[in-house]
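Colleague: Please read through the structure below; I'll follow up with questions.
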Amino acid sequence: MTGQIDPTHSARAISGQQQEEMVQHQQRERTRSTAEDRVSLGQQEKVGETYGPGLKVASPYELLRNLVVKTLQDQGLTLQFSTDAGAVNFNTMTQDEAQALVAEDGYFGVDRTSQRIVDFAIGSFGNDPEKLQQMKDAIDQGFLQAQDAFGGALPEISQQTYAAIMEKLDAFAAQFEASGE
């Protein structure tokens with residue numbers, strides 16, 4: 001899914017022109033911020049290392065991880081979370097461990113995350129297929145809020161998760177239609 005998530009997916013479709021306008025707007029915003037924020041020599045696009053606090057050389061991953069950890073610590077939040085494989089500590093997590101968590105079969109991968117959200121939604125609405133639209137609307141609202149928090153666009157993994165959630169909710173409703181309930 002390369003387009004932007006449409007939080008009203010279950011209510012109406014986005015026209016091709018509207019989607020194109022959103023994509024163009026996002027590209028203009030990215031171009032404007034990247035042109036102001038960095039200088040590139042030659043054709044190299046990817047930043048391998050950059051200067052972090054105290055002018056130490058650090059990878060962009062390390063800078064982002066440190067920023068997230070500091071923000072969470074400043075808010076007094078715990079820096080550990082539990083997965084089915086045990087506790088994960090943000091203070092000591094490596095880039096490889098983070099990538100394993102969001103991999104296709106990882107705890108935060110599309111399939112497992114979408115299944116947790118669907119299970120929660122179905123349980124919250126009393127396992128009632130008649131409330132499918134309410135479930136979808138609530139999920140749409142959550143993704144729209146996340147999209148706004150991310151500056152108008154979600155990462156591709158989030159868009160894939162959204163699509164998987166909607167497919168699983170439709171399958172949930174279809175099992176009741178097939179049995180005539």
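Letters A, B, ... go to the chains of the structure tokens in the order shown; residues in each chain start at 1; ligands are counted from 1 in the same order.
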Fewer than 6 positions away in the same chain doesn't count, so skip those; otherwise give me all residues within 10 Å of Ile139 (chain A), counting only C-alpha atoms, as number ranges by chain.
Modeller: A: 7-8, 117-118, 121, 133, 145, 162, 165-166
Colleague: Pick out each residue of region 63-180 of chain A that DSSP on the backbone tags as strand (DSSP E); I need them as a PyMOL selection string.
Modeller: chain A and resi 80-83+86-89
Colleague: Just write the chosen residues, N, CA and C atoms, as an mmCIF file, in the first residue's frame.
Modeller:
data_model
loop_
_atom_site.group_PDB
_atom_site.id
_atom_site.type_symbol
_atom_site.label_atom_id
_atom_site.label_comp_id
_atom_site.auth_asym_id
_atom_site.auth_seq_id
_atom_site.Cartn_x
_atom_site.Cartn_y
_atom_site.Cartn_z
ATOM 1 N N GLN A 80 10.610 -0.550 29.426
ATOM 2 C CA GLN A 80 10.519 -1.970 29.118
ATOM 3 C C GLN A 80 9.091 -2.282 28.702
ATOM 4 N N PHE A 81 8.947 -3.251 27.837
ATOM 5 C CA PHE A 81 7.631 -3.760 27.498
ATOM 6 C C PHE A 81 7.750 -5.257 27.319
ATOM 7 N N SER A 82 6.631 -5.927 27.477
ATOM 8 C CA SER A 82 6.630 -7.384 27.409
ATOM 9 C C SER A 82 6.122 -7.864 26.062
ATOM 10 N N THR A 83 6.778 -8.884 25.562
ATOM 11 C CA THR A 83 6.329 -9.577 24.357
ATOM 12 C C THR A 83 6.150 -11.038 24.744
ATOM 13 N N GLY A 86 9.315 -12.442 26.111
ATOM 14 C CA GLY A 86 9.879 -11.894 27.334
ATOM 15 C C GLY A 86 9.939 -10.383 27.300
ATOM 16 N N ALA A 87 10.606 -9.800 28.287
ATOM 17 C CA ALA A 87 10.705 -8.349 28.398
ATOM 18 C C ALA A 87 11.755 -7.804 27.437
ATOM 19 N N VAL A 88 11.465 -6.626 26.879
ATOM 20 C CA VAL A 88 12.395 -5.933 25.992
ATOM 21 C C VAL A 88 12.698 -4.591 26.630
ATOM 22 N N ASN A 89 13.965 -4.259 26.728
ATOM 23 C CA ASN A 89 14.400 -3.025 27.360
ATOM 24 C C ASN A 89 14.866 -2.049 26.293
#
Colleague: In terms of the shortest atom-to-atom distance over only C-alpha atoms, which of A:Met135, A:Ala85, A:Leu72, A:Leu101 is closest to Lys168 (chain A)?
Modeller: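 The answer is A:Met135, which sits nearest to Lys168 (chain A).
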Colleague: For Val102 (chain A), work out the shell of residues within 10 Å, counting only C-alpha atoms and skipping chain neighbours fewer than 6 positions away, then give it as an NGL selection string.
Modeller: :A and (108-110 or 112-113 or 157)
Colleague: Grab the CA of Asp105 (chain A) to CA of Val69 (chain A) distance for me, in Å with one decimal place.
Modeller: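 CA of Asp105 (chain A) sits 25.1 Å away from CA of Val69 (chain A).
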